file work_24.pdb (PDB, C-alpha atoms and all ligand atoms)
ATOM      1  CA  MET A   1     -20.286   2.756  -3.532
ATOM      2  CA  GLU A   2     -22.375   0.923  -0.984
ATOM      3  CA  THR A   3     -24.309   4.099  -0.080
ATOM      4  CA  LEU A   4     -24.782   4.961  -3.733
ATOM      5  CA  ALA A   5     -26.056   1.446  -4.433
ATOM      6  CA  SER A   6     -28.467   1.427  -1.484
ATOM      7  CA  GLN A   7     -29.941   4.811  -2.527
ATOM      8  CA  THR A   8     -30.129   4.161  -6.253
ATOM      9  CA  SER A   9     -33.283   4.823  -8.225
ATOM     10  CA  ALA A  10     -31.844   3.354 -11.441
ATOM     11  CA  PRO A  11     -34.672   1.657 -13.389
ATOM     12  CA  SER A  12     -32.508  -1.067 -14.956
ATOM     13  CA  LYS A  13     -29.258  -2.979 -14.570
ATOM     14  CA  LYS A  14     -27.806  -0.990 -17.472
ATOM     15  CA  ASP A  15     -28.566   2.331 -15.722
ATOM     16  CA  PHE A  16     -27.313   1.002 -12.394
ATOM     17  CA  LEU A  17     -24.028  -0.043 -14.025
ATOM     18  CA  ARG A  18     -23.751   3.383 -15.642
ATOM     19  CA  GLU A  19     -24.144   5.004 -12.183
ATOM     20  CA  LEU A  20     -21.550   2.686 -10.661
ATOM     21  CA  THR A  21     -19.085   3.303 -13.489
ATOM     22  CA  LYS A  22     -19.500   7.071 -13.158
ATOM     23  CA  ALA A  23     -18.877   6.880  -9.409
ATOM     24  CA  LYS A  24     -15.893   4.585 -10.030
ATOM     25  CA  GLU A  25     -14.350   7.131 -12.398
ATOM     26  CA  LEU A  26     -14.886   9.957  -9.884
ATOM     27  CA  PHE A  27     -13.152   7.947  -7.158
ATOM     28  CA  PHE A  28     -10.335   7.007  -9.577
ATOM     29  CA  ALA A  29      -9.683  10.693 -10.229
ATOM     30  CA  SER A  30      -9.855  11.668  -6.533
ATOM     31  CA  ARG A  31      -6.566  10.027  -5.456
ATOM     32  CA  PRO A  32      -4.044   9.291  -8.176
ATOM     33  CA  THR A  33      -1.764   6.942  -6.198
ATOM     34  CA  GLU A  34      -4.370   4.537  -4.793
ATOM     35  CA  PRO A  35      -4.553   1.217  -6.664
ATOM     36  CA  LEU A  36      -6.024  -0.583  -3.646
ATOM     37  CA  MET A  37      -9.132   1.604  -3.813
ATOM     38  CA  ARG A  38      -9.245   1.218  -7.595
ATOM     39  CA  ASN A  39      -9.064  -2.571  -7.276
ATOM     40  CA  ALA A  40     -11.903  -2.531  -4.731
ATOM     41  CA  LEU A  41     -14.057  -0.556  -7.183
ATOM     42  CA  ARG A  42     -13.045  -2.826 -10.063
ATOM     43  CA  LEU A  43     -14.110  -5.864  -8.044
ATOM     44  CA  ILE A  44     -17.499  -4.347  -7.178
ATOM     45  CA  VAL A  45     -18.342  -3.314 -10.761
ATOM     46  CA  ASN A  46     -17.032  -6.652 -12.061
ATOM     47  CA  ARG A  47     -19.312  -8.583  -9.644
ATOM     48  CA  VAL A  48     -22.373  -6.610 -10.775
ATOM     49  CA  GLU A  49     -21.498  -6.927 -14.462
ATOM     50  CA  LYS A  50     -20.967 -10.680 -14.249
ATOM     51  CA  ASN A  51     -24.065 -11.434 -12.202
ATOM     52  CA  GLU A  52     -27.085 -12.793 -14.068
ATOM     53  CA  GLU A  53     -29.385 -10.871 -11.738
ATOM     54  CA  ARG A  54     -31.346  -8.016 -13.345
ATOM     55  CA  ASN A  55     -33.208  -6.723 -10.284
ATOM     56  CA  VAL A  56     -31.525  -3.461  -9.204
ATOM     57  CA  LYS A  57     -32.324  -3.916  -5.484
ATOM     58  CA  ARG A  58     -30.626  -7.311  -5.489
ATOM     59  CA  LEU A  59     -27.704  -5.949  -7.480
ATOM     60  CA  ALA A  60     -27.327  -3.263  -4.787
ATOM     61  CA  GLU A  61     -27.044  -6.073  -2.238
ATOM     62  CA  ILE A  62     -24.293  -7.619  -4.370
ATOM     63  CA  VAL A  63     -22.399  -4.304  -4.150
ATOM     64  CA  ALA A  64     -22.662  -4.404  -0.340
ATOM     65  CA  GLN A  65     -21.551  -8.047  -0.230
ATOM     66  CA  ALA A  66     -18.582  -7.401  -2.523
ATOM     67  CA  SER A  67     -17.404  -4.443  -0.382
ATOM     68  CA  THR A  68     -17.675  -6.453   2.830
ATOM     69  CA  GLN A  69     -15.861  -9.370   1.242
ATOM     70  CA  PHE A  70     -13.089  -7.098  -0.057
ATOM     71  CA  LEU A  71     -12.542  -5.587   3.400
ATOM     72  CA  SER A  72     -12.558  -8.898   5.226
ATOM     73  CA  GLU A  73     -10.145 -10.430   2.697
ATOM     74  CA  LEU A  74      -7.876  -7.439   3.212
ATOM     75  CA  GLU A  75      -7.944  -7.994   6.962
ATOM     76  CA  GLU A  76      -7.163 -11.683   6.436
ATOM     77  CA  SER A  77      -4.270 -10.766   4.129
ATOM     78  CA  SER A  78      -2.821  -8.406   6.698
ATOM     79  CA  LYS A  79      -2.919 -11.195   9.329
ATOM     80  CA  LYS A  80      -1.279 -13.674   6.966
ATOM     81  CA  ILE A  81       1.426 -11.147   6.014
ATOM     82  CA  ALA A  82       2.154 -10.513   9.705
ATOM     83  CA  GLU A  83       2.405 -14.252  10.335
ATOM     84  CA  ILE A  84       4.844 -14.765   7.433
ATOM     85  CA  GLY A  85       6.879 -11.608   7.938
ATOM     86  CA  ALA A  86       7.258 -11.918  11.722
ATOM     87  CA  LYS A  87       9.471 -14.947  11.102
ATOM     88  CA  ARG A  88      11.975 -12.657   9.399
ATOM     89  CA  ILE A  89      12.489 -10.639  12.580
ATOM     90  CA  LYS A  90      15.426 -12.241  14.315
ATOM     91  CA  HIS A  91      16.031 -12.085  18.066
ATOM     92  CA  ASP A  92      17.879  -8.970  19.152
ATOM     93  CA  SER A  93      17.687  -7.424  15.701
ATOM     94  CA  VAL A  94      17.201  -3.812  14.671
ATOM     95  CA  VAL A  95      14.578  -3.052  12.024
ATOM     96  CA  LEU A  96      14.224   0.285  10.288
ATOM     97  CA  THR A  97      10.962   1.488   8.801
ATOM     98  CA  HIS A  98       9.923   4.624   6.946
ATOM     99  CA  CYS A  99       6.568   6.408   7.247
ATOM    100  CA  HIS A 100       3.565   4.629   8.769
ATOM    101  CA  SER A 101       2.286   1.430   7.280
ATOM    102  CA  SER A 102      -0.426  -0.449   9.166
ATOM    103  CA  THR A 103       0.752  -3.626   7.405
ATOM    104  CA  VAL A 104       4.287  -3.162   8.721
ATOM    105  CA  THR A 105       3.156  -2.285  12.259
ATOM    106  CA  ALA A 106       0.855  -5.347  12.319
ATOM    107  CA  LEU A 107       3.901  -7.464  11.433
ATOM    108  CA  PHE A 108       5.955  -5.866  14.237
ATOM    109  CA  LYS A 109       3.146  -6.470  16.735
ATOM    110  CA  ARG A 110       2.905 -10.101  15.689
ATOM    111  CA  ALA A 111       6.671 -10.551  16.142
ATOM    112  CA  LYS A 112       6.439  -8.943  19.573
ATOM    113  CA  HIS A 113       3.478 -11.160  20.462
ATOM    114  CA  GLU A 114       5.531 -14.202  19.493
ATOM    115  CA  GLY A 115       8.123 -13.160  22.035
ATOM    116  CA  ARG A 116      10.832 -11.824  19.736
ATOM    117  CA  THR A 117      13.060  -9.116  21.139
ATOM    118  CA  PHE A 118      13.891  -6.478  18.576
ATOM    119  CA  GLU A 119      14.179  -2.743  18.184
ATOM    120  CA  VAL A 120      12.541  -0.461  15.663
ATOM    121  CA  ILE A 121      14.037   2.680  14.169
ATOM    122  CA  CYS A 122      11.443   5.055  12.671
ATOM    123  CA  THR A 123      12.262   7.887  10.340
ATOM    124  CA  GLU A 124      10.192  10.979  11.133
ATOM    125  CA  THR A 125       8.976  11.166   7.494
ATOM    126  CA  ARG A 126       8.746  14.784   6.586
ATOM    127  CA  PRO A 127       6.704  16.756   5.762
ATOM    128  CA  VAL A 128       3.772  15.422   7.805
ATOM    129  CA  PHE A 129       5.622  13.173  10.246
ATOM    130  CA  GLN A 130       3.803   9.855   9.853
ATOM    131  CA  GLY A 131       6.849   8.387  11.644
ATOM    132  CA  GLN A 132       5.390   9.761  14.868
ATOM    133  CA  THR A 133       2.328   7.533  14.425
ATOM    134  CA  THR A 134       4.598   4.517  13.912
ATOM    135  CA  ALA A 135       6.731   5.430  16.932
ATOM    136  CA  LYS A 136       3.712   5.854  19.235
ATOM    137  CA  GLU A 137       2.158   2.599  18.023
ATOM    138  CA  MET A 138       5.400   0.699  18.602
ATOM    139  CA  LEU A 139       5.849   2.104  22.099
ATOM    140  CA  GLU A 140       2.267   1.114  22.935
ATOM    141  CA  ALA A 141       3.085  -2.397  21.726
ATOM    142  CA  GLY A 142       6.064  -2.457  24.087
ATOM    143  CA  VAL A 143       8.723  -2.365  21.356
ATOM    144  CA  LYS A 144      11.944  -0.431  22.008
ATOM    145  CA  THR A 145      11.803   2.402  19.485
ATOM    146  CA  THR A 146      14.203   5.072  18.255
ATOM    147  CA  PHE A 147      13.028   8.093  16.288
ATOM    148  CA  ILE A 148      15.407   9.708  13.780
ATOM    149  CA  ILE A 149      15.292  12.488  11.207
ATOM    150  CA  ASP A 150      15.040  11.256   7.614
ATOM    151  CA  SER A 151      18.514  12.448   6.711
ATOM    152  CA  ALA A 152      20.057  10.367   9.529
ATOM    153  CA  ALA A 153      19.024   7.110   7.834
ATOM    154  CA  ARG A 154      22.531   6.458   6.432
ATOM    155  CA  TYR A 155      24.115   7.277   9.763
ATOM    156  CA  PHE A 156      22.180   4.412  11.367
ATOM    157  CA  MET A 157      22.012   1.982   8.449
ATOM    158  CA  ASN A 158      25.147   0.036   9.443
ATOM    159  CA  SER A 159      23.501  -0.960  12.714
ATOM    160  CA  VAL A 160      20.250  -2.015  11.010
ATOM    161  CA  ASP A 161      19.596  -5.715  10.263
ATOM    162  CA  LEU A 162      16.507  -5.324   8.153
ATOM    163  CA  VAL A 163      14.431  -2.602   6.490
ATOM    164  CA  LEU A 164      10.662  -3.041   6.146
ATOM    165  CA  VAL A 165       8.421  -0.559   4.352
ATOM    166  CA  GLY A 166       4.820  -0.574   3.154
ATOM    167  CA  ALA A 167       3.561   0.090  -0.366
ATOM    168  CA  ASP A 168       1.035   2.355  -1.984
ATOM    169  CA  ALA A 169       1.354   0.732  -5.389
ATOM    170  CA  ILE A 170       3.204  -2.117  -7.071
ATOM    171  CA  THR A 171       3.774  -1.929 -10.825
ATOM    172  CA  SER A 172       3.752  -4.777 -13.343
ATOM    173  CA  GLU A 173       7.570  -4.610 -13.405
ATOM    174  CA  GLY A 174       7.754  -5.127  -9.656
ATOM    175  CA  ASN A 175       8.722  -1.553  -8.806
ATOM    176  CA  VAL A 176       7.142  -0.162  -5.648
ATOM    177  CA  ILE A 177       5.622   3.241  -5.040
ATOM    178  CA  ASN A 178       5.637   4.310  -1.408
ATOM    179  CA  LYS A 179       6.075   7.425   0.727
ATOM    180  CA  ILE A 180       8.598   9.929  -0.573
ATOM    181  CA  GLY A 181      12.048   8.974   0.695
ATOM    182  CA  THR A 182      11.483   5.219   0.427
ATOM    183  CA  SER A 183      13.704   4.890  -2.640
ATOM    184  CA  MET A 184      16.448   6.810  -0.831
ATOM    185  CA  VAL A 185      16.210   4.403   2.120
ATOM    186  CA  ALA A 186      16.350   1.489  -0.358
ATOM    187  CA  LEU A 187      19.518   2.895  -1.940
ATOM    188  CA  LEU A 188      21.109   3.291   1.476
ATOM    189  CA  ALA A 189      20.156  -0.248   2.436
ATOM    190  CA  HIS A 190      21.614  -1.523  -0.830
ATOM    191  CA  GLU A 191      24.874   0.333  -0.274
ATOM    192  CA  ALA A 192      25.117  -0.979   3.327
ATOM    193  CA  ARG A 193      24.059  -4.495   2.217
ATOM    194  CA  THR A 194      21.045  -4.427   4.518
ATOM    195  CA  PRO A 195      18.074  -6.521   3.331
ATOM    196  CA  PHE A 196      15.184  -4.326   2.187
ATOM    197  CA  TYR A 197      11.668  -5.825   2.038
ATOM    198  CA  VAL A 198       8.319  -4.396   1.024
ATOM    199  CA  VAL A 199       5.351  -5.505   3.128
ATOM    200  CA  SER A 200       2.133  -5.296   1.155
ATOM    201  CA  GLU A 201      -1.177  -6.848   0.230
ATOM    202  CA  LEU A 202      -1.163  -8.081  -3.382
ATOM    203  CA  LEU A 203      -4.093  -5.808  -4.169
ATOM    204  CA  LYS A 204      -1.764  -2.797  -4.122
ATOM    205  CA  PHE A 205      -0.798  -4.028  -7.600
ATOM    206  CA  ASP A 206      -1.810  -1.578 -10.298
ATOM    207  CA  PRO A 207      -2.983  -3.444 -13.447
ATOM    208  CA  ALA A 208      -2.933  -0.215 -15.507
ATOM    209  CA  THR A 209       0.889  -0.283 -15.390
ATOM    210  CA  MET A 210       0.744  -3.558 -17.315
ATOM    211  CA  TYR A 211      -0.790  -1.729 -20.266
ATOM    212  CA  GLY A 212       1.742   1.091 -20.370
ATOM    213  CA  ASP A 213       0.353   3.606 -17.890
ATOM    214  CA  TYR A 214       2.750   5.035 -15.336
ATOM    215  CA  GLU A 215       1.635   5.176 -11.726
ATOM    216  CA  LYS A 216       0.814   8.839 -11.094
ATOM    217  CA  ILE A 217       2.594  10.446  -8.174
ATOM    218  CA  GLU A 218       0.317  12.630  -6.080
ATOM    219  CA  GLU A 219       1.644  16.169  -5.582
ATOM    220  CA  ARG A 220       0.609  17.629  -2.226
ATOM    221  CA  SER A 221       0.339  21.212  -0.984
ATOM    222  CA  PRO A 222       3.594  23.211  -0.689
ATOM    223  CA  SER A 223       2.308  24.564   2.636
ATOM    224  CA  GLU A 224       2.938  21.110   4.150
ATOM    225  CA  ILE A 225       6.636  21.876   3.683
ATOM    226  CA  TRP A 226       6.860  25.572   4.502
ATOM    227  CA  LYS A 227       3.964  27.687   5.699
ATOM    228  CA  GLY A 228       4.489  31.350   4.840
ATOM    229  CA  ALA A 229       7.336  30.650   2.395
ATOM    230  CA  PRO A 230       8.405  33.500   0.063
ATOM    231  CA  LYS A 231       5.818  33.773  -2.720
ATOM    232  CA  GLU A 232       8.352  33.529  -5.585
ATOM    233  CA  LEU A 233       9.816  30.304  -4.181
ATOM    234  CA  LEU A 234       8.950  27.143  -6.036
ATOM    235  CA  ILE A 235       8.219  24.318  -3.601
ATOM    236  CA  LYS A 236       7.663  20.768  -4.841
ATOM    237  CA  ASN A 237       5.947  18.215  -2.637
ATOM    238  CA  PRO A 238       5.587  14.811  -4.303
ATOM    239  CA  ALA A 239       3.983  12.439  -1.803
ATOM    240  CA  PHE A 240       5.543   9.216  -3.126
ATOM    241  CA  ASP A 241       8.530   7.897  -5.048
ATOM    242  CA  VAL A 242       9.420   4.772  -7.003
ATOM    243  CA  THR A 243      11.768   2.112  -5.646
ATOM    244  CA  ARG A 244      13.163  -0.054  -8.408
ATOM    245  CA  ARG A 245      12.749  -3.800  -8.014
ATOM    246  CA  ASP A 246      16.562  -4.225  -8.116
ATOM    247  CA  PHE A 247      16.725  -2.777  -4.605
ATOM    248  CA  ILE A 248      13.934  -4.938  -3.193
ATOM    249  CA  HIS A 249      14.906  -8.318  -1.712
ATOM    250  CA  GLY A 250      11.312  -9.450  -1.665
ATOM    251  CA  ILE A 251       7.677  -8.515  -1.267
ATOM    252  CA  ILE A 252       6.146  -9.983   1.878
ATOM    253  CA  CYS A 253       2.540 -10.554   0.849
ATOM    254  CA  GLU A 254      -0.337 -12.888   1.755
ATOM    255  CA  ASP A 255       0.923 -15.434  -0.782
ATOM    256  CA  GLY A 256       4.347 -15.618   0.870
ATOM    257  CA  ILE A 257       7.624 -13.825   0.277
ATOM    258  CA  ILE A 258       7.783 -13.294  -3.456
ATOM    259  CA  SER A 259      10.299 -11.791  -5.830
ATOM    260  CA  PRO A 260       9.153  -8.427  -7.238
ATOM    261  CA  HIS A 261       9.759  -9.986 -10.676
ATOM    262  CA  SER A 262       6.937 -12.472 -10.136
ATOM    263  CA  ILE A 263       4.198 -10.009  -9.197
ATOM    264  CA  THR A 264       2.270 -10.171 -12.489
ATOM    265  CA  GLU A 265       2.311 -13.954 -12.515
ATOM    266  CA  VAL A 266       1.122 -14.101  -8.891
ATOM    267  CA  MET A 267      -1.669 -11.620  -9.649
ATOM    268  CA  HIS A 268      -2.819 -13.659 -12.658
ATOM    269  CA  ARG A 269      -3.078 -16.688 -10.380
ATOM    270  CA  LYS A 270      -4.650 -15.026  -7.323
ATOM    271  CA  HIS A 271      -6.708 -12.130  -8.684
ATOM    272  CA  PRO A 272      -7.252 -12.581 -12.438
ATOM    273  CA  TRP A 273     -10.258 -10.195 -12.361
ATOM    274  CA  VAL A 274      -7.968  -7.160 -11.940
ATOM    275  CA  PHE A 275      -6.866  -7.613 -15.556
ATOM    276  CA  GLU A 276     -10.398  -7.725 -16.977
TER
HETATM  277  C1  LIG B 301       1.533   6.254   3.765
HETATM  278  C2  LIG B 301       2.475   5.295   3.114
HETATM  279  C3  LIG B 301       2.408   3.872   3.594
HETATM  280  C4  LIG B 301       1.554   3.070   2.613
HETATM  281  C5  LIG B 301       1.222   1.690   3.136
HETATM  282  O1  LIG B 301       1.553   7.527   3.141
HETATM  283  O2  LIG B 301       3.216   5.608   2.213
HETATM  284  O3  LIG B 301       3.666   3.282   3.632
HETATM  285  O4  LIG B 301       0.338   3.770   2.388
HETATM  286  O5  LIG B 301       0.391   1.778   4.248
HETATM  287  P1  LIG B 301       0.349   8.572   3.438
HETATM  288  P2  LIG B 301      -0.562   0.552   4.673
HETATM  289  O6  LIG B 301       0.238   8.673   4.934
HETATM  290  O7  LIG B 301       0.776   9.834   2.805
HETATM  291  O8  LIG B 301      -0.877   7.998   2.784
HETATM  292  O9  LIG B 301       0.318  -0.630   4.847
HETATM  293  O10 LIG B 301      -1.201   1.026   5.953
HETATM  294  O11 LIG B 301      -1.551   0.362   3.571
END

call {"tool": "encode", "arguments": {"input": "work_24.pdb", "output": "structure tokens"}}
result
Amino acid sequence: METLASQTSAPSKKDFLRELTKAKELFFASRPTEPLMRNALRLIVNRVEKNEERNVKRLAEIVAQASTQFLSELEESSKKIAEIGAKRIKHDSVVLTHCHSSTVTALFKRAKHEGRTFEVICTETRPVFQGQTTAKEMLEAGVKTTFIIDSAARYFMNSVDLVLVGADAITSEGNVINKIGTSMVALLAHEARTPFYVVSELLKFDPATMYGDYEKIEERSPSEIWKGAPKELLIKNPAFDVTRRDFIHGIICEDGIISPHSITEVMHRKHPWVFE
């Protein structure tokens, strides 16, 4: 958006807004399960629309400012989340995580920095093994780490004190969309009575779900699962799944640890522009 804005030759604010909206729609279509990106674009277009300025060059500067502000607020949120969430990591505890979430690993690093001793169990996260990224990052941070196959999650769940996962999207009902397998881990945690928390910036909230839309689940290439599979074989590769709010103890976000039920209310208070 920033590049588009800096290179624009739009003669008027109306044309500039048309260009921005077109680009926004292209980005929206590029990744279906990405509300954070959509909220960033919403913020940028909203800032331009609301500004009294009519000069296109200055409006382009507003685009740049809004993007920088969005990114720095996101960084701030991640720090705040780590600060809040690290307190939930008890001494000598075992924490399981699924996939790779930079928000979750920042929280782990903060807990480690504060001197807590804990262990992390990472699921490998088939088909593309993002668990390896988590495992490497944790080892580099000096955290004792165990790597398991996804289907061993129940085997280990009884020795886990806490489950922390990231989020790709949060719906208006407080359900969470995250890497495929997350809802299975949540069910296991529920059955073993292990607290299950989602660690996420509020801006992963998808306002479209409020107005009836379902969060779309991105379907990735079958070759990620089996290269050279028999041609007649049907392979399905959904990248994400939905974890119902009933299985989520809380969402650890920059506003504190909130109930998934309160997400819409919190968003109305903190980021009312997402609903516009
Ligand atoms: C990554 C994934 C992560 C969330 C949150 O899946 O599901 O848990 O994106 O990550 P993929 P973060 O690798 O397929 O995108 O906290 O870094 O935003």

call {"tool": "atom_distance", "arguments": {"input": "work_24.pdb", "atom1": "CA of Phe147 (chain A)", "atom2": "CA of Cys122 (chain A)"}}
result
5.0 Å

call {"tool": "residues_around", "arguments": {"input": "work_24.pdb", "residues": "region 77-92 of chain A", "least_positions_apart": "6", "cutoff": "9 Å", "atoms": "all atoms listed in the file", "output": "list in words"}}
result
Ser102, Thr103, Val104, Thr105, Ala106, Leu107, Phe108, Lys109, Arg110, Ala111, Lys112, Glu114, Gly115, Arg116, Thr117, Phe118, Glu119, Asp161, Leu162, Val199, Ser200, Glu201, Leu202, Ile252, Cys253, Glu254, Asp255, Gly256 and Ile257 of chain A

call {"tool": "residues_around", "arguments": {"input": "work_24.pdb", "residues": "Ile235 (chain A)", "least_positions_apart": "6", "cutoff": "12 Å", "atoms": "all atoms listed in the file", "output": "VMD selection string"}}
result
chain A and resid 219 to 229

call {"tool": "closest_residue", "arguments": {"input": "work_24.pdb", "among": "A:Asp15, A:Glu276, A:Glu124, A:Glu191", "to": "Phe247 (chain A)", "atoms": "only C-alpha atoms"}}
result
A:Glu191

call {"tool": "residues_around", "arguments": {"input": "work_24.pdb", "residues": "Val160 (chain A)", "least_positions_apart": "2", "cutoff": "10 Å", "atoms": "all atoms listed in the file", "output": "number ranges by chain"}}
result
A: 93-96, 119-121, 153-154, 156-158, 162-163, 189, 192-195

call {"tool": "resolve_selection", "arguments": {"input": "work_24.pdb", "expression": "the PyMOL selection byres (((chain A and resi 150) around 8) and not hetatm)", "output": "PDB file with C-alpha atoms, in the coordinates of the input"}}
result
ATOM      1  CA  THR A 123      12.262   7.887  10.340  1.00  0.00           C
ATOM      2  CA  GLU A 124      10.192  10.979  11.133  1.00  0.00           C
ATOM      3  CA  THR A 125       8.976  11.166   7.494  1.00  0.00           C
ATOM      4  CA  ARG A 126       8.746  14.784   6.586  1.00  0.00           C
ATOM      5  CA  ILE A 148      15.407   9.708  13.780  1.00  0.00           C
ATOM      6  CA  ILE A 149      15.292  12.488  11.207  1.00  0.00           C
ATOM      7  CA  SER A 151      18.514  12.448   6.711  1.00  0.00           C
ATOM      8  CA  ALA A 152      20.057  10.367   9.529  1.00  0.00           C
ATOM      9  CA  ALA A 153      19.024   7.110   7.834  1.00  0.00           C
ATOM     10  CA  GLY A 181      12.048   8.974   0.695  1.00  0.00           C
TER      11      GLY A 181
END

call {"tool": "residues_near_ligand", "arguments": {"input": "work_24.pdb", "ligand": "ligand LIG 301 (chain B)", "cutoff": "6 Å", "atoms": "only C-alpha atoms and all ligand atoms", "output": "tab-separated table (two decimals) with C-alpha atoms, in the frame of the given file"}}
result
chain	number	residue	atom	x	y	z
A	99	CYS	CA	6.57	6.41	7.25
A	100	HIS	CA	3.56	4.63	8.77
A	101	SER	CA	2.29	1.43	7.28
A	102	SER	CA	-0.43	-0.45	9.17
A	103	THR	CA	0.75	-3.63	7.40
A	166	GLY	CA	4.82	-0.57	3.15
A	167	ALA	CA	3.56	0.09	-0.37
A	168	ASP	CA	1.03	2.36	-1.98
A	178	ASN	CA	5.64	4.31	-1.41
A	179	LYS	CA	6.08	7.42	0.73

call {"tool": "build_atoms", "arguments": {"input": "work_24.pdb", "residues": "region 45-51 of chain A", "atoms": "all heavy atoms", "output": "PDB file, in the frame of the given file"}}
result
ATOM      1  N   VAL A  45     -17.684  -3.480  -9.450  1.00  0.00           N
ATOM      2  CA  VAL A  45     -18.342  -3.314 -10.761  1.00  0.00           C
ATOM      3  C   VAL A  45     -18.312  -4.650 -11.522  1.00  0.00           C
ATOM      4  O   VAL A  45     -19.308  -5.061 -12.124  1.00  0.00           O
ATOM      5  CB  VAL A  45     -17.682  -2.170 -11.578  1.00  0.00           C
ATOM      6  CG1 VAL A  45     -18.298  -2.067 -12.964  1.00  0.00           C
ATOM      7  CG2 VAL A  45     -17.834  -0.847 -10.838  1.00  0.00           C
ATOM      8  N   ASN A  46     -17.182  -5.356 -11.411  1.00  0.00           N
ATOM      9  CA  ASN A  46     -17.032  -6.652 -12.061  1.00  0.00           C
ATOM     10  C   ASN A  46     -18.098  -7.657 -11.570  1.00  0.00           C
ATOM     11  O   ASN A  46     -18.711  -8.373 -12.346  1.00  0.00           O
ATOM     12  CB  ASN A  46     -15.610  -7.150 -11.757  1.00  0.00           C
ATOM     13  CG  ASN A  46     -15.264  -8.436 -12.452  1.00  0.00           C
ATOM     14  OD1 ASN A  46     -15.759  -9.486 -12.074  1.00  0.00           O
ATOM     15  ND2 ASN A  46     -14.407  -8.360 -13.464  1.00  0.00           N
ATOM     16  N   ARG A  47     -18.317  -7.666 -10.232  1.00  0.00           N
ATOM     17  CA  ARG A  47     -19.312  -8.583  -9.644  1.00  0.00           C
ATOM     18  C   ARG A  47     -20.710  -8.288 -10.184  1.00  0.00           C
ATOM     19  O   ARG A  47     -21.486  -9.195 -10.472  1.00  0.00           O
ATOM     20  CB  ARG A  47     -19.342  -8.438  -8.124  1.00  0.00           C
ATOM     21  CG  ARG A  47     -18.171  -9.058  -7.429  1.00  0.00           C
ATOM     22  CD  ARG A  47     -18.361 -10.578  -7.317  1.00  0.00           C
ATOM     23  NE  ARG A  47     -17.066 -11.213  -7.117  1.00  0.00           N
ATOM     24  CZ  ARG A  47     -16.477 -11.338  -5.941  1.00  0.00           C
ATOM     25  NH1 ARG A  47     -17.082 -10.918  -4.844  1.00  0.00           N
ATOM     26  NH2 ARG A  47     -15.301 -11.906  -5.842  1.00  0.00           N
ATOM     27  N   VAL A  48     -21.038  -7.002 -10.292  1.00  0.00           N
ATOM     28  CA  VAL A  48     -22.373  -6.610 -10.775  1.00  0.00           C
ATOM     29  C   VAL A  48     -22.493  -6.973 -12.254  1.00  0.00           C
ATOM     30  O   VAL A  48     -23.496  -7.571 -12.673  1.00  0.00           O
ATOM     31  CB  VAL A  48     -22.636  -5.104 -10.534  1.00  0.00           C
ATOM     32  CG1 VAL A  48     -23.950  -4.667 -11.165  1.00  0.00           C
ATOM     33  CG2 VAL A  48     -22.646  -4.801  -9.041  1.00  0.00           C
ATOM     34  N   GLU A  49     -21.472  -6.651 -13.024  1.00  0.00           N
ATOM     35  CA  GLU A  49     -21.498  -6.927 -14.462  1.00  0.00           C
ATOM     36  C   GLU A  49     -21.703  -8.415 -14.739  1.00  0.00           C
ATOM     37  O   GLU A  49     -22.515  -8.805 -15.574  1.00  0.00           O
ATOM     38  CB  GLU A  49     -20.161  -6.510 -15.089  1.00  0.00           C
ATOM     39  CG  GLU A  49     -20.189  -5.152 -15.730  1.00  0.00           C
ATOM     40  CD  GLU A  49     -18.784  -4.641 -16.066  1.00  0.00           C
ATOM     41  OE1 GLU A  49     -17.790  -5.367 -15.867  1.00  0.00           O
ATOM     42  OE2 GLU A  49     -18.711  -3.511 -16.522  1.00  0.00           O
ATOM     43  N   LYS A  50     -20.962  -9.241 -13.978  1.00  0.00           N
ATOM     44  CA  LYS A  50     -20.967 -10.680 -14.249  1.00  0.00           C
ATOM     45  C   LYS A  50     -22.221 -11.393 -13.747  1.00  0.00           C
ATOM     46  O   LYS A  50     -22.521 -12.503 -14.171  1.00  0.00           O
ATOM     47  CB  LYS A  50     -19.739 -11.319 -13.573  1.00  0.00           C
ATOM     48  CG  LYS A  50     -18.427 -10.938 -14.220  1.00  0.00           C
ATOM     49  CD  LYS A  50     -17.746 -12.172 -14.771  1.00  0.00           C
ATOM     50  CE  LYS A  50     -16.646 -11.834 -15.733  1.00  0.00           C
ATOM     51  NZ  LYS A  50     -15.332 -11.834 -15.084  1.00  0.00           N
ATOM     52  N   ASN A  51     -22.913 -10.762 -12.796  1.00  0.00           N
ATOM     53  CA  ASN A  51     -24.065 -11.434 -12.202  1.00  0.00           C
ATOM     54  C   ASN A  51     -25.249 -11.467 -13.173  1.00  0.00           C
ATOM     55  O   ASN A  51     -25.523 -10.494 -13.859  1.00  0.00           O
ATOM     56  CB  ASN A  51     -24.441 -10.717 -10.902  1.00  0.00           C
ATOM     57  CG  ASN A  51     -25.156 -11.641  -9.966  1.00  0.00           C
ATOM     58  OD1 ASN A  51     -26.275 -12.044 -10.240  1.00  0.00           O
ATOM     59  ND2 ASN A  51     -24.486 -12.003  -8.887  1.00  0.00           N
TER      60      ASN A  51
END
